[in-house]
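Coordinates as given in my_file17.txt (compact mmCIF, C-alpha atoms):
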```txt
# COMPACT_ATOMS: atom_id res chain seq x y z
CA MET A 1 -11.92 17.60 81.68
CA GLN A 2 -11.05 18.33 78.07
CA VAL A 3 -7.32 18.16 78.81
CA ILE A 4 -7.79 14.74 80.39
CA ASN A 5 -9.69 13.54 77.30
CA TRP A 6 -6.82 14.65 75.05
CA ILE A 7 -4.26 12.99 77.30
CA LEU A 8 -6.28 9.76 77.15
CA ARG A 9 -6.51 10.07 73.34
CA PHE A 10 -2.73 10.35 73.04
CA VAL A 11 -2.18 7.44 75.42
CA GLY A 12 -4.59 5.44 73.27
CA LEU A 13 -2.67 6.55 70.18
CA ALA A 14 0.56 5.27 71.72
CA PHE A 15 -1.05 1.87 72.31
CA ILE A 16 -2.53 1.79 68.79
CA ILE A 17 0.84 2.65 67.23
CA ALA A 18 2.60 0.06 69.41
CA PHE A 19 0.04 -2.61 68.42
CA GLN A 20 0.35 -1.61 64.75
CA VAL A 21 4.14 -1.64 64.72
CA LEU A 22 4.85 -4.55 67.05
CA VAL A 23 2.02 -6.91 66.16
CA LEU A 24 0.19 -6.13 62.92
CA ASN A 25 3.25 -5.16 60.89
CA ASN A 26 4.93 -8.44 61.87
CA LEU A 27 2.02 -10.75 61.04
CA ASP A 28 2.55 -13.02 58.07
CA THR A 29 -0.78 -12.44 56.33
CA GLY A 30 0.39 -12.96 52.77
CA ILE A 31 0.87 -10.44 50.00
CA TYR A 32 -2.72 -9.23 49.84
CA ILE A 33 -3.58 -8.42 53.45
CA HIS A 34 -1.95 -5.51 55.27
CA PRO A 35 -4.13 -4.40 58.19
CA TYR A 36 -3.75 -0.81 59.36
CA ILE A 37 -5.70 0.23 62.45
CA TYR A 38 -3.89 3.46 63.33
CA PRO A 39 -6.18 5.64 61.10
CA MET A 40 -8.92 5.15 63.70
CA PHE A 41 -7.20 7.78 65.85
CA ILE A 42 -7.74 10.39 63.15
CA PHE A 43 -11.32 9.66 62.17
CA MET A 44 -12.44 9.30 65.80
CA LEU A 45 -11.21 12.75 66.81
CA PRO A 46 -13.87 15.11 68.20
CA LEU A 47 -16.15 16.69 65.61
CA ASN A 48 -15.20 20.22 66.66
CA VAL A 49 -11.46 19.82 66.00
CA PRO A 50 -10.53 22.44 63.39
CA LYS A 51 -8.78 21.36 60.19
CA TRP A 52 -5.70 23.41 61.05
CA ILE A 53 -5.16 21.06 64.00
CA MET A 54 -6.42 17.85 62.40
CA LEU A 55 -4.30 17.97 59.25
CA PRO A 56 -0.92 18.42 61.00
CA LEU A 57 -1.96 15.82 63.58
CA ALA A 58 -2.83 13.36 60.80
CA PHE A 59 0.48 14.11 59.12
CA LEU A 60 2.35 13.49 62.37
CA VAL A 61 0.59 10.18 63.05
CA GLY A 62 1.27 9.02 59.48
CA LEU A 63 4.87 10.15 59.72
CA ILE A 64 5.39 8.12 62.89
CA ILE A 65 4.09 5.02 61.11
CA ASP A 66 6.28 5.89 58.09
CA MET A 67 9.35 5.98 60.32
CA PHE A 68 8.68 2.48 61.61
CA ASN A 69 7.76 1.07 58.17
CA MET A 70 10.43 2.95 56.21
CA THR A 71 7.80 4.26 53.79
CA PRO A 72 8.78 7.89 53.18
CA GLY A 73 5.59 9.92 53.43
CA MET A 74 3.18 7.29 52.12
CA HIS A 75 1.24 6.81 55.36
CA ALA A 76 1.48 10.53 56.14
CA SER A 77 -0.08 11.50 52.81
CA ALA A 78 -2.84 8.88 53.14
CA CYS A 79 -3.64 10.15 56.65
CA VAL A 80 -3.76 13.78 55.53
CA LEU A 81 -6.13 12.91 52.68
CA MET A 82 -8.34 10.95 55.06
CA ALA A 83 -8.38 13.83 57.56
CA PHE A 84 -9.16 16.30 54.77
CA LEU A 85 -12.12 14.21 53.54
CA ARG A 86 -13.45 13.50 57.04
CA ALA A 87 -15.73 16.57 57.19
CA PRO A 88 -17.44 15.93 53.81
CA ILE A 89 -17.94 12.26 54.74
CA LEU A 90 -19.45 13.26 58.08
CA LYS A 91 -21.71 15.72 56.27
CA LEU A 92 -22.76 12.99 53.83
CA LEU A 93 -23.58 10.59 56.67
CA THR A 94 -25.33 13.10 58.95
CA PRO A 95 -28.01 11.27 60.95
CA PRO A 96 -31.54 12.73 61.08
CA THR A 97 -30.92 14.03 64.60
CA GLY A 98 -27.67 15.69 63.56
CA TYR A 99 -24.43 15.76 65.48
CA ASP A 100 -25.48 18.25 68.19
CA ALA A 101 -25.24 15.82 71.13
CA VAL A 102 -22.22 13.99 69.72
CA GLY A 103 -18.68 14.85 70.75
CA SER A 104 -16.90 12.50 68.37
CA PRO A 105 -17.85 9.72 65.95
CA ASN A 106 -18.66 6.75 68.17
CA ILE A 107 -20.98 3.81 68.60
CA ARG A 108 -22.54 5.23 71.74
CA TYR A 109 -24.53 8.02 70.12
CA LEU A 110 -24.56 7.14 66.45
CA GLY A 111 -25.14 3.38 66.54
CA ALA A 112 -23.22 0.38 65.28
CA THR A 113 -24.52 0.58 61.71
CA TRP A 114 -23.57 4.23 61.26
CA PHE A 115 -20.18 3.66 62.89
CA THR A 116 -19.45 0.61 60.71
CA ILE A 117 -20.29 2.50 57.50
CA PHE A 118 -18.23 5.52 58.58
CA THR A 119 -15.28 3.33 59.57
CA ALA A 120 -15.38 1.39 56.31
CA ILE A 121 -15.48 4.56 54.21
CA MET A 122 -12.58 6.15 56.08
CA VAL A 123 -10.49 2.96 55.99
CA PHE A 124 -11.08 2.50 52.26
CA ILE A 125 -10.12 6.12 51.55
CA HIS A 126 -6.88 5.59 53.45
CA HIS A 127 -6.11 2.20 51.92
CA THR A 128 -6.96 3.20 48.36
CA PHE A 129 -4.66 6.20 48.45
CA TYR A 130 -1.90 4.36 50.32
CA PHE A 131 -1.79 1.30 48.07
CA PHE A 132 -1.90 3.34 44.85
CA VAL A 133 0.93 5.56 46.13
CA GLU A 134 2.82 2.41 47.11
CA ILE A 135 2.69 0.92 43.62
CA LEU A 136 2.58 4.22 41.62
CA SER A 137 1.13 2.42 38.62
CA PHE A 138 -2.09 1.16 37.15
CA GLN A 139 -0.21 -1.71 35.53
CA HIS A 140 -1.13 -4.15 38.31
CA LEU A 141 -4.62 -2.78 38.88
CA GLY A 142 -6.21 -6.13 39.80
CA TYR A 143 -3.51 -6.89 42.36
CA THR A 144 -3.83 -3.41 43.88
CA LEU A 145 -7.64 -3.53 44.03
CA LEU A 146 -7.58 -6.96 45.66
CA LYS A 147 -5.05 -5.68 48.18
CA ILE A 148 -7.25 -2.63 48.92
CA VAL A 149 -10.41 -4.71 49.37
CA LEU A 150 -8.91 -7.48 51.51
CA SER A 151 -6.80 -5.13 53.64
CA GLY A 152 -9.75 -2.74 54.00
CA ILE A 153 -12.12 -5.48 55.15
CA ILE A 154 -9.63 -6.85 57.69
CA SER A 155 -8.69 -3.35 58.93
CA THR A 156 -12.34 -2.35 59.32
CA PHE A 157 -13.07 -5.59 61.16
CA LEU A 158 -10.12 -5.08 63.53
CA ILE A 159 -11.10 -1.46 64.23
CA LEU A 160 -14.67 -2.53 65.00
CA ILE A 161 -13.41 -5.27 67.33
CA LEU A 162 -11.15 -2.79 69.15
CA THR A 163 -14.01 -0.32 69.41
CA PHE A 164 -16.34 -2.93 70.90
CA LEU A 165 -13.63 -4.18 73.28
CA PHE A 166 -12.93 -0.72 74.64
CA THR A 167 -16.53 0.48 74.75
CA THR A 168 -18.66 -0.56 77.68
CA LYS A 169 -22.12 -2.06 77.17
CA LYS A 170 -23.63 1.06 78.67
CA GLU A 171 -21.86 3.25 76.08
CA ARG A 172 -22.97 1.08 73.12
CA LYS A 173 -26.70 1.57 73.76
```

Rewritten as structure tokens:
Amino acid sequence: MQVINWILRFVGLAFIIAFQVLVLNNLDTGIYIHPYIYPMFIFMLPLNVPKWIMLPLAFLVGLIIDMFNMTPGMHASACVLMAFLRAPILKLLTPPTGYDAVGSPNIRYLGATWFTIFTAIMVFIHHTFYFFVEILSFQHLGYTLLKIVLSGIISTFLILILTFLFTTKKERK
């Protein structure tokens, strides 16, 4: 059963990357909005995945996006940072009942509010690091912050929509 779950995760990753590369990267959303939904693969991994698997996996996912965007290592480094900070963020957001019955961060067991907060935090970690690495300067701080906020809001919104679309009503309760 666990092998099937991992196969389904990687098939889902292929669809997420295809949607990111073929649709979202080609949208004309202006200079301030750059939605990235592919980080959802990393922060929705099972809670028991060890860091020695998660960090190289995050690097690989980011590197694949880097290859399509011709951004040498920028997405990879943002993904690795996000994967590294995932455990402390989960610890910070631990629900009163804990994570004992939860396999991975999802709406089904943790609720829409918890999932929205977790998603927003993870997306903003990714976007903040990525956009500061992209510009490598604090000279245009206002522009960069606006880009982080607008892209983060849109990315979080898109991830939540995708999560609700691919989660059955029964699983959301």

Ile121 in chain A environment, 12 Å, only C-alpha atoms, sequence neighbours closer than 4 positions dropped, as a list in words: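 My list of contacting residues is Pro39, Met40, Phe43, Met82, Leu85, Arg86, Pro88, Ile89, Leu90, Leu92, Leu93, Trp114, Phe115, Thr116, Ile117, Ile125, His126, His127, Thr128, Val149, Gly152, Ile153, Ser155 and Thr156 of chain A.
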
My list of candidates is A:Ile148, A:Ile4, A:Gly12, A:Leu165. Which is closest to Phe132 in chain A when distances are computed with only C-alpha atoms? A:Ile148

Would you mind listing what lies within 12 Å of range 137-145 of chain A as a PDB file with C-alpha atoms, keeping the file's coordinate frame, with only C-alpha atoms counted and same-chain residues fewer than 5 positions away left out?
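Saved file result.pdb follows:
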```pdb
ATOM      1  CA  ILE A  31       0.870 -10.440  50.000  1.00  0.00           C
ATOM      2  CA  TYR A  32      -2.720  -9.230  49.840  1.00  0.00           C
ATOM      3  CA  ILE A  33      -3.580  -8.420  53.450  1.00  0.00           C
ATOM      4  CA  HIS A  34      -1.950  -5.510  55.270  1.00  0.00           C
ATOM      5  CA  PHE A 124     -11.080   2.500  52.260  1.00  0.00           C
ATOM      6  CA  HIS A 127      -6.110   2.200  51.920  1.00  0.00           C
ATOM      7  CA  THR A 128      -6.960   3.200  48.360  1.00  0.00           C
ATOM      8  CA  PHE A 129      -4.660   6.200  48.450  1.00  0.00           C
ATOM      9  CA  TYR A 130      -1.900   4.360  50.320  1.00  0.00           C
ATOM     10  CA  PHE A 131      -1.790   1.300  48.070  1.00  0.00           C
ATOM     11  CA  PHE A 132      -1.900   3.340  44.850  1.00  0.00           C
ATOM     12  CA  LEU A 150      -8.910  -7.480  51.510  1.00  0.00           C
ATOM     13  CA  SER A 151      -6.800  -5.130  53.640  1.00  0.00           C
ATOM     14  CA  GLY A 152      -9.750  -2.740  54.000  1.00  0.00           C
TER      15      GLY A 152
END
```

Give me, please, the distance in Å between CA of Leu60 in chain A and CA of Ser77 in chain A, quoted to one decimal. 10.1 Å

Counting all atoms listed in the file, figure out which residue out of A:Pro72, A:Ile64, A:Arg108, A:Leu8 gets nearest to Thr167 in chain A. A:Arg108

For CA of Phe59 in chain A and CA of Ala83 in chain A, quote the distance in Å rounded to one decimal. 9.0 Å

What's the 9 Å shell around Asn25 in chain A, counting all atoms listed in the file, without same-chain residues fewer than 3 positions away, as a list in words?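 Contacts, in chain order: Phe19, Gln20, Val21, Leu22, Asp28, His34, Pro35, Tyr36 and Asn69 of chain A.
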
For Thr163 in chain A, which of A:Tyr99, A:Trp6, A:Phe84, A:Phe41 is the closest residue, counting all atoms listed in the file?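 Ranked by minimum distance to Thr163 in chain A, first place goes to A:Phe41.
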
Could you state the separation of CA of Val80 in chain A and CA of Thr97 in chain A in Å, given to one decimal place?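 The value is 28.6 Å.
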
Could you give me, as number ranges by chain, the residues within 7 Å of His75 in chain A, counting only C-alpha atoms and dropping anything in the same chain fewer than 6 positions from it? A: 62-63, 65-66, 130

Residue nearest Asn5 in chain A among A:Ser104, A:Val123, A:Leu57, A:Tyr38 (counting all atoms listed in the file):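 Distance minimum relative to Asn5 in chain A lands on A:Ser104.
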
A:Ile17, A:Leu24, A:Leu47, A:Val61: which is nearest Val102 in chain A, counting all atoms listed in the file?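 Closest candidate: A:Leu47.
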
Which residue is closest to Phe68 in chain A? Choose from A:Asn26, A:Asn106, A:Ala112, A:Pro95 and count all atoms listed in the file.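 The answer is A:Asn26, which sits nearest to Phe68 in chain A.
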
Missing atoms in range 104-139 of chain A need filling: write out N, CA and C atoms for it as a PDB file, keeping the file's coordinate frame.
```
ATOM      1  N   SER A 104     -17.760  13.077  69.396  1.00  0.00           N
ATOM      2  CA  SER A 104     -16.900  12.500  68.370  1.00  0.00           C
ATOM      3  C   SER A 104     -17.613  11.294  67.757  1.00  0.00           C
ATOM      4  N   PRO A 105     -17.201  10.884  66.569  1.00  0.00           N
ATOM      5  CA  PRO A 105     -17.850   9.720  65.950  1.00  0.00           C
ATOM      6  C   PRO A 105     -17.661   8.486  66.836  1.00  0.00           C
ATOM      7  N   ASN A 106     -18.760   7.932  67.317  1.00  0.00           N
ATOM      8  CA  ASN A 106     -18.660   6.750  68.170  1.00  0.00           C
ATOM      9  C   ASN A 106     -19.944   5.935  68.092  1.00  0.00           C
ATOM     10  N   ILE A 107     -19.840   4.729  68.612  1.00  0.00           N
ATOM     11  CA  ILE A 107     -20.980   3.810  68.600  1.00  0.00           C
ATOM     12  C   ILE A 107     -22.048   4.262  69.592  1.00  0.00           C
ATOM     13  N   ARG A 108     -21.619   4.876  70.660  1.00  0.00           N
ATOM     14  CA  ARG A 108     -22.540   5.230  71.740  1.00  0.00           C
ATOM     15  C   ARG A 108     -23.717   6.069  71.273  1.00  0.00           C
ATOM     16  N   TYR A 109     -23.458   7.114  70.526  1.00  0.00           N
ATOM     17  CA  TYR A 109     -24.530   8.020  70.120  1.00  0.00           C
ATOM     18  C   TYR A 109     -25.029   7.785  68.698  1.00  0.00           C
ATOM     19  N   LEU A 110     -24.195   7.236  67.861  1.00  0.00           N
ATOM     20  CA  LEU A 110     -24.560   7.140  66.450  1.00  0.00           C
ATOM     21  C   LEU A 110     -24.962   5.735  66.015  1.00  0.00           C
ATOM     22  N   GLY A 111     -24.727   4.743  66.840  1.00  0.00           N
ATOM     23  CA  GLY A 111     -25.140   3.380  66.540  1.00  0.00           C
ATOM     24  C   GLY A 111     -24.091   2.587  65.786  1.00  0.00           C
ATOM     25  N   ALA A 112     -24.199   1.280  65.886  1.00  0.00           N
ATOM     26  CA  ALA A 112     -23.220   0.380  65.280  1.00  0.00           C
ATOM     27  C   ALA A 112     -23.251   0.433  63.756  1.00  0.00           C
ATOM     28  N   THR A 113     -24.426   0.550  63.171  1.00  0.00           N
ATOM     29  CA  THR A 113     -24.520   0.580  61.710  1.00  0.00           C
ATOM     30  C   THR A 113     -23.847   1.830  61.154  1.00  0.00           C
ATOM     31  N   TRP A 114     -24.187   2.990  61.719  1.00  0.00           N
ATOM     32  CA  TRP A 114     -23.570   4.230  61.260  1.00  0.00           C
ATOM     33  C   TRP A 114     -22.062   4.176  61.434  1.00  0.00           C
ATOM     34  N   PHE A 115     -21.610   3.708  62.605  1.00  0.00           N
ATOM     35  CA  PHE A 115     -20.180   3.660  62.890  1.00  0.00           C
ATOM     36  C   PHE A 115     -19.455   2.704  61.946  1.00  0.00           C
ATOM     37  N   THR A 116     -20.060   1.578  61.620  1.00  0.00           N
ATOM     38  CA  THR A 116     -19.450   0.610  60.710  1.00  0.00           C
ATOM     39  C   THR A 116     -19.311   1.210  59.308  1.00  0.00           C
ATOM     40  N   ILE A 117     -20.344   1.877  58.828  1.00  0.00           N
ATOM     41  CA  ILE A 117     -20.290   2.500  57.500  1.00  0.00           C
ATOM     42  C   ILE A 117     -19.232   3.600  57.478  1.00  0.00           C
ATOM     43  N   PHE A 118     -19.215   4.441  58.492  1.00  0.00           N
ATOM     44  CA  PHE A 118     -18.230   5.520  58.580  1.00  0.00           C
ATOM     45  C   PHE A 118     -16.812   4.962  58.630  1.00  0.00           C
ATOM     46  N   THR A 119     -16.595   3.952  59.456  1.00  0.00           N
ATOM     47  CA  THR A 119     -15.280   3.330  59.570  1.00  0.00           C
ATOM     48  C   THR A 119     -14.837   2.735  58.239  1.00  0.00           C
ATOM     49  N   ALA A 120     -15.726   2.013  57.583  1.00  0.00           N
ATOM     50  CA  ALA A 120     -15.380   1.390  56.310  1.00  0.00           C
ATOM     51  C   ALA A 120     -15.016   2.440  55.257  1.00  0.00           C
ATOM     52  N   ILE A 121     -15.774   3.504  55.179  1.00  0.00           N
ATOM     53  CA  ILE A 121     -15.480   4.560  54.210  1.00  0.00           C
ATOM     54  C   ILE A 121     -14.110   5.179  54.479  1.00  0.00           C
ATOM     55  N   MET A 122     -13.852   5.516  55.737  1.00  0.00           N
ATOM     56  CA  MET A 122     -12.580   6.150  56.080  1.00  0.00           C
ATOM     57  C   MET A 122     -11.402   5.208  55.846  1.00  0.00           C
ATOM     58  N   VAL A 123     -11.561   3.945  56.200  1.00  0.00           N
ATOM     59  CA  VAL A 123     -10.490   2.960  55.990  1.00  0.00           C
ATOM     60  C   VAL A 123     -10.231   2.781  54.497  1.00  0.00           C
ATOM     61  N   PHE A 124     -11.275   2.701  53.700  1.00  0.00           N
ATOM     62  CA  PHE A 124     -11.080   2.500  52.260  1.00  0.00           C
ATOM     63  C   PHE A 124     -10.487   3.728  51.586  1.00  0.00           C
ATOM     64  N   ILE A 125     -10.787   4.912  52.072  1.00  0.00           N
ATOM     65  CA  ILE A 125     -10.120   6.120  51.550  1.00  0.00           C
ATOM     66  C   ILE A 125      -8.621   6.020  51.832  1.00  0.00           C
ATOM     67  N   HIS A 126      -8.283   5.707  53.066  1.00  0.00           N
ATOM     68  CA  HIS A 126      -6.880   5.590  53.450  1.00  0.00           C
ATOM     69  C   HIS A 126      -6.174   4.510  52.631  1.00  0.00           C
ATOM     70  N   HIS A 127      -6.754   3.321  52.591  1.00  0.00           N
ATOM     71  CA  HIS A 127      -6.110   2.200  51.920  1.00  0.00           C
ATOM     72  C   HIS A 127      -5.988   2.409  50.418  1.00  0.00           C
ATOM     73  N   THR A 128      -7.021   2.959  49.798  1.00  0.00           N
ATOM     74  CA  THR A 128      -6.960   3.200  48.360  1.00  0.00           C
ATOM     75  C   THR A 128      -5.820   4.141  48.017  1.00  0.00           C
ATOM     76  N   PHE A 129      -5.736   5.247  48.715  1.00  0.00           N
ATOM     77  CA  PHE A 129      -4.660   6.200  48.450  1.00  0.00           C
ATOM     78  C   PHE A 129      -3.298   5.569  48.756  1.00  0.00           C
ATOM     79  N   TYR A 130      -3.183   4.933  49.906  1.00  0.00           N
ATOM     80  CA  TYR A 130      -1.900   4.360  50.320  1.00  0.00           C
ATOM     81  C   TYR A 130      -1.403   3.318  49.324  1.00  0.00           C
ATOM     82  N   PHE A 131      -2.248   2.378  48.937  1.00  0.00           N
ATOM     83  CA  PHE A 131      -1.790   1.300  48.070  1.00  0.00           C
ATOM     84  C   PHE A 131      -1.523   1.769  46.645  1.00  0.00           C
ATOM     85  N   PHE A 132      -2.237   2.798  46.171  1.00  0.00           N
ATOM     86  CA  PHE A 132      -1.900   3.340  44.850  1.00  0.00           C
ATOM     87  C   PHE A 132      -0.608   4.147  44.896  1.00  0.00           C
ATOM     88  N   VAL A 133      -0.354   4.852  45.992  1.00  0.00           N
ATOM     89  CA  VAL A 133       0.930   5.560  46.130  1.00  0.00           C
ATOM     90  C   VAL A 133       2.062   4.546  46.257  1.00  0.00           C
ATOM     91  N   GLU A 134       1.796   3.444  46.933  1.00  0.00           N
ATOM     92  CA  GLU A 134       2.820   2.410  47.110  1.00  0.00           C
ATOM     93  C   GLU A 134       3.267   1.825  45.776  1.00  0.00           C
ATOM     94  N   ILE A 135       2.337   1.575  44.880  1.00  0.00           N
ATOM     95  CA  ILE A 135       2.690   0.920  43.620  1.00  0.00           C
ATOM     96  C   ILE A 135       2.976   1.937  42.498  1.00  0.00           C
ATOM     97  N   LEU A 136       2.398   3.146  42.606  1.00  0.00           N
ATOM     98  CA  LEU A 136       2.580   4.220  41.620  1.00  0.00           C
ATOM     99  C   LEU A 136       2.394   3.769  40.170  1.00  0.00           C
ATOM    100  N   SER A 137       1.381   2.932  39.968  1.00  0.00           N
ATOM    101  CA  SER A 137       1.130   2.420  38.620  1.00  0.00           C
ATOM    102  C   SER A 137      -0.270   1.823  38.561  1.00  0.00           C
ATOM    103  N   PHE A 138      -0.828   1.849  37.372  1.00  0.00           N
ATOM    104  CA  PHE A 138      -2.090   1.160  37.150  1.00  0.00           C
ATOM    105  C   PHE A 138      -1.849  -0.148  36.405  1.00  0.00           C
ATOM    106  N   GLN A 139      -0.574  -0.509  36.271  1.00  0.00           N
ATOM    107  CA  GLN A 139      -0.210  -1.710  35.530  1.00  0.00           C
ATOM    108  C   GLN A 139      -0.726  -2.975  36.233  1.00  0.00           C
TER     109      GLN A 139
END
```
